[in-house]
Amino acid sequence: MLDINFIRNNQSLVEKSAHEKGYYDVDISKLIELDDRRKVLAKQADDLRADRNSLSAKMKNGKPDPELIAQVKDIKAQLAEIEPELSELEVTIRNQLKRVPNVIFDDVPLGGEECNAEVAKWGEHRTDGVDHLDYAISRNWVDFERGAKVAGAKFYYLRDELALLENALLQFGIKKVLEHGFHFMTVPDMVSSEILEGCGFNPRSSQQSDEYYIEGEDLAMIATAEMPLTGFHMNEIIDEKDLPLCYAGYSACFRKEAGTYGKHTRGLFRVHQFNKLEMYVFCLPEKSREMHEKIRSIEEEIWQELDIPYHVINNAAGDLGSPAAKKYDIEYWSPVDQKYRELTSCSNCTDFQARSLNIRVRRNDGSVEVLHTLNGTAISLARTMVAIIENYAVKDGKLRVPEVLKPYLNGESEI
RNA sequence: GGAAGCGUGGCCGAGUGGUUGAAGGCGCACGACUCGAAAUCGUGUAUGCAGCAAUGUAUCGGAGGUUCGAAUCCUCUCGCUUCCGCCA
């Protein structure tokens with residue numbers, strides 16, 4: 001969430017960003033009015049408490065004075081009138097505040113998805129591709145039918161070489177993130193609502209929530225390791241000298257994907273459960289733009305080494321989530337569909353998530369401020385396998401193995 | 001799941017209901033000493049909110065309650081540890 005004082009001082013900017021992102025359901029002026037009221041009440045309550053405290057202090061020697069006690073009781077009565085409204089107001093303000101999206105950077109294209117700007121392009125488009133699902137089924141590498149039998153549509157089994165390919169990709173991904181100084185981690189696959197909402201995801205009550213929730217518990221299955229990685233440092237103050245903190249979390253990811261039926265749902269591209277290696281960075285505010293470029297370059301490096309043609313887009317405002325100030329997507333060129341498809345994304349969330357979860361930095365000079373967080377996909381395995389099959393499979397033949405994956409597949413050049 | 005114990009500042013660790021936002025130590029910062037360093041000594045060192053500031057106020061896992069006054073008492077709750085049960 002944003003800082004209420006920032007919102008006060010930059011009201012039009014905040015409103016403009018919310019509008020550009022496309023969800024504009026919070027009345028900023030009203031929010032500021034609520035906070036005005038909160039300040040007045042808080043001041044009154046503080047003054048009353050000051051009176052109460054000084055009167056109480058007069059009775060410190062164990063000599064209760066009926067006169068003073070009566071006065072204190074009167075003050076308590078006044079407090080009792082203010083406090084409920086004050087605490088209710090604080091909750092309301094926080095809830096409203098959580099709904100105000102992060103401000104976009106000035107180099108984010110305005111408009112909707114159609115305004116996404118291509119900022120880089122790599123590789124030669126292949127003209128012939130192999131449909132990944134037909135191919136994988138023909139090799140008996142994937143089983144959606146039995147997946148549906150045990151868990152429902154969009155659940156699947158991977159087997160034999162494809163399951164081994166997934167493992168090889170993970171090993172390759174781990175190697176890459178280690179090379180770039182990330183700490184490899186495995187994480188809880190469930191998080192509490194506090195973490196989920198602090199990351200800027202829609203709450204359980206929301207119609208748009210994409211998460212699976214555990215009945216009777218304040219828990220959700222994670223949609224990305226970004227969730228537990230953000231929560232990792234909740235309520236902590238990190239010394240400046242320890243930043244940046246770079247983590248790469250591997251987890252299963254669970255998404256309901258409600259309402260996406262019909263949008264390229266075939267096969268492994270959009271499923272309810274997949275595995276992903278996610279990069280996550282906590283850094284100084286003035287370093288986050290630079291770090292964002294670094295994460296993007298790592299992602300590009302991965303696709304180049306896998307030799308998958310791609311382009312990078314700077315997502316337009318209407319395509320950004322609530323927490324992101326700027327986001328890059330890497331889309332690979334699908335030779336089957338003759339178009340680009342999303343493979344990874346990386347976002348600079350500035351201080352948006354960190355403020356919600358109270359994650360701060362203690363500067364060398366002793367001052368404390370909210371730090372910045374960023375996240376980026378290292379490798380999303382199911383989708384990457386789609387891209388690899390499309391680019392590397394030989395129709396009615398074997399799957400050629402990308403050079404960098406050979407070490408993890410017994411040195412085989414085809415499987 | 002049953003029983004017991006414990007949750008205090010960046011960390012460790014004191015804390016008879018009343019100058020306790022909190023002793024002491026560690027760590028850290030600055031200063032002195034030194035050619036420099038180590039050691040030593042001195043000073044400082046939680047966060048939120050309001051305020052230009054002085055300062056006020058809140059916070060000792062969380063939420064309620066008792067009291068003129070709660071880190072200290074009561075209730076609930078969450079987490080951790082240990083023992084038992086169960087189990088990859």
# chains A, B, ... in the order shown; residues from 1 in each chain; ligands from 1
>>> interface_residues(of="chain A", to="chain B", cutoff="10 Å", atoms="only C-alpha atoms (C1' of nucleotides)", output="VMD selection string")
chain A and resid 39 to 40 42 to 43 45 to 50 52 to 53 55 to 73 236 to 239 362 364 to 366 368
>>> write_last_selection(atoms="N, CA and C atoms", output="CSV table (one decimal), in the first residue's frame")
chain,number,residue,atom,x,y,z
A,39,LYS,N,-6.9,12.2,12.3
A,39,LYS,CA,-5.9,13.0,13.0
A,39,LYS,C,-6.6,13.8,14.1
A,40,VAL,N,-7.8,14.4,13.9
A,40,VAL,CA,-8.4,15.1,14.9
A,40,VAL,C,-8.7,14.3,16.1
A,42,ALA,N,-7.4,11.4,17.0
A,42,ALA,CA,-6.1,10.9,17.6
A,42,ALA,C,-5.5,12.0,18.5
A,43,LYS,N,-5.6,13.2,18.1
A,43,LYS,CA,-5.1,14.3,18.9
A,43,LYS,C,-5.9,14.5,20.2
A,45,ALA,N,-7.6,12.2,21.6
A,45,ALA,CA,-7.4,11.0,22.5
A,45,ALA,C,-6.0,11.1,23.2
A,46,ASP,N,-5.0,11.6,22.4
A,46,ASP,CA,-3.7,11.8,23.0
A,46,ASP,C,-3.7,12.8,24.1
A,47,ASP,N,-4.4,13.9,23.9
A,47,ASP,CA,-4.5,14.9,25.0
A,47,ASP,C,-5.2,14.4,26.2
A,48,LEU,N,-6.3,13.6,26.0
A,48,LEU,CA,-7.0,13.1,27.1
A,48,LEU,C,-6.1,12.1,27.9
A,49,ARG,N,-5.3,11.3,27.2
A,49,ARG,CA,-4.4,10.4,27.8
A,49,ARG,C,-3.3,11.1,28.6
A,50,ALA,N,-2.9,12.2,28.0
A,50,ALA,CA,-1.8,13.0,28.7
A,50,ALA,C,-2.4,13.5,30.0
A,52,ARG,N,-4.8,12.2,31.8
A,52,ARG,CA,-5.0,11.0,32.6
A,52,ARG,C,-3.7,10.6,33.3
A,53,ASN,N,-2.7,10.5,32.4
A,53,ASN,CA,-1.4,10.1,32.9
A,53,ASN,C,-0.8,11.0,33.9
A,55,LEU,N,-2.5,12.9,36.0
A,55,LEU,CA,-3.3,12.8,37.2
A,55,LEU,C,-2.9,11.5,38.0
A,56,SER,N,-2.7,10.5,37.2
A,56,SER,CA,-2.3,9.2,37.8
A,56,SER,C,-1.0,9.3,38.5
A,57,ALA,N,-0.1,10.1,37.8
A,57,ALA,CA,1.3,10.2,38.4
A,57,ALA,C,1.2,10.8,39.7
A,58,LYS,N,0.2,11.6,40.0
A,58,LYS,CA,0.1,12.3,41.3
A,58,LYS,C,-0.2,11.3,42.4
A,59,MET,N,-0.6,10.2,42.0
A,59,MET,CA,-1.0,9.2,43.1
A,59,MET,C,0.0,8.1,43.2
A,60,LYS,N,1.2,8.4,42.8
A,60,LYS,CA,2.2,7.3,42.7
A,60,LYS,C,2.6,6.8,44.1
A,61,ASN,N,2.4,7.6,45.1
A,61,ASN,CA,2.9,7.1,46.4
A,61,ASN,C,1.9,6.3,47.1
A,62,GLY,N,1.0,5.7,46.4
A,62,GLY,CA,0.0,4.9,47.1
A,62,GLY,C,-1.0,5.6,47.9
A,63,LYS,N,-1.2,6.9,47.6
A,63,LYS,CA,-2.2,7.6,48.3
A,63,LYS,C,-3.4,8.0,47.3
A,64,PRO,N,-4.3,7.1,47.1
A,64,PRO,CA,-5.4,7.4,46.1
A,64,PRO,C,-6.2,8.5,46.7
A,65,ASP,N,-6.4,9.5,45.9
A,65,ASP,CA,-7.2,10.7,46.2
A,65,ASP,C,-8.5,10.6,45.5
A,66,PRO,N,-9.6,10.5,46.3
A,66,PRO,CA,-10.9,10.4,45.7
A,66,PRO,C,-11.2,11.4,44.7
A,67,GLU,N,-10.8,12.6,44.9
A,67,GLU,CA,-11.0,13.8,44.0
A,67,GLU,C,-10.3,13.5,42.7
A,68,LEU,N,-9.1,13.1,42.7
A,68,LEU,CA,-8.3,12.8,41.5
A,68,LEU,C,-8.9,11.6,40.8
A,69,ILE,N,-9.3,10.6,41.5
A,69,ILE,CA,-9.8,9.4,40.9
A,69,ILE,C,-11.1,9.7,40.1
A,70,ALA,N,-11.9,10.6,40.7
A,70,ALA,CA,-13.1,11.0,40.0
A,70,ALA,C,-12.8,11.7,38.7
A,71,GLN,N,-11.7,12.6,38.7
A,71,GLN,CA,-11.3,13.3,37.5
A,71,GLN,C,-10.9,12.3,36.4
A,72,VAL,N,-10.1,11.3,36.9
A,72,VAL,CA,-9.5,10.3,35.9
A,72,VAL,C,-10.7,9.5,35.3
A,73,LYS,N,-11.7,9.2,36.2
A,73,LYS,CA,-12.8,8.4,35.6
A,73,LYS,C,-13.6,9.2,34.6
A,236,GLU,N,10.4,-6.7,9.7
A,236,GLU,CA,11.8,-6.6,10.0
A,236,GLU,C,12.4,-5.3,9.5
A,237,ILE,N,13.5,-4.9,10.2
A,237,ILE,CA,14.3,-3.8,9.8
A,237,ILE,C,15.7,-4.3,9.4
A,238,ILE,N,16.0,-4.1,8.2
A,238,ILE,CA,17.2,-4.7,7.6
A,238,ILE,C,18.3,-3.7,7.5
A,239,ASP,N,19.5,-4.0,8.0
A,239,ASP,CA,20.6,-3.0,7.9
A,239,ASP,C,21.0,-2.8,6.4
A,362,ARG,N,17.4,0.0,7.8
A,362,ARG,CA,18.0,1.0,8.7
A,362,ARG,C,19.3,1.5,7.9
A,364,ASN,N,22.7,3.6,7.1
A,364,ASN,CA,24.0,3.7,7.8
A,364,ASN,C,23.9,4.9,8.8
A,365,ASP,N,23.1,5.9,8.5
A,365,ASP,CA,23.1,7.1,9.4
A,365,ASP,C,22.0,6.9,10.5
A,366,GLY,N,21.4,5.7,10.5
A,366,GLY,CA,20.5,5.4,11.6
A,366,GLY,C,19.0,5.6,11.3
A,368,VAL,N,15.4,5.2,9.3
A,368,VAL,CA,14.7,4.0,8.9
A,368,VAL,C,13.7,4.4,7.9
>>> residues_around(residues="A63 (chain B)", least_positions_apart="6", cutoff="12 Å", atoms="only C-alpha atoms (C1' of nucleotides)", output="ChimeraX atom specification")
/B:75-78
>>> atom_distance(atom1="CA of Leu178 (chain A)", atom2="CA of Pro244 (chain A)")
14.8 Å
>>> residues_around(residues="region 220-230 of chain A", least_positions_apart="6", cutoff="6 Å", atoms="only C-alpha atoms (C1' of nucleotides)", output="list in words")
Asp189, Met190, Val191, Tyr212, Tyr213, Ile214, Gly249, Ser251, Cys253, Phe254 and Arg255 of chain A
>>> select_by_dssp(residues="region 326-379 of chain A", states="helix (DSSP H, G or I)", output="ChimeraX atom specification")
/A:352-356
>>> atom_distance(atom1="C1' of A3 (chain B)", atom2="C1' of C87 (chain B)")
19.8 Å
>>> residues_around(residues="region 18-34 of chain A", least_positions_apart="3", cutoff="12 Å", atoms="only C-alpha atoms (C1' of nucleotides)", output="PyMOL selection string")
chain A and resi 2-15+37-41+85-86+88-106+108-113+115+315-326
>>> residues_around(residues="region 343-358 of chain A", least_positions_apart="2", cutoff="6 Å", atoms="only C-alpha atoms (C1' of nucleotides)", output="ChimeraX atom specification")
/A:1-2,198-199,234-235,323-331,371-377
>>> atom_distance(atom1="CA of Arg289 (chain A)", atom2="CA of Ile313 (chain A)")
15.9 Å
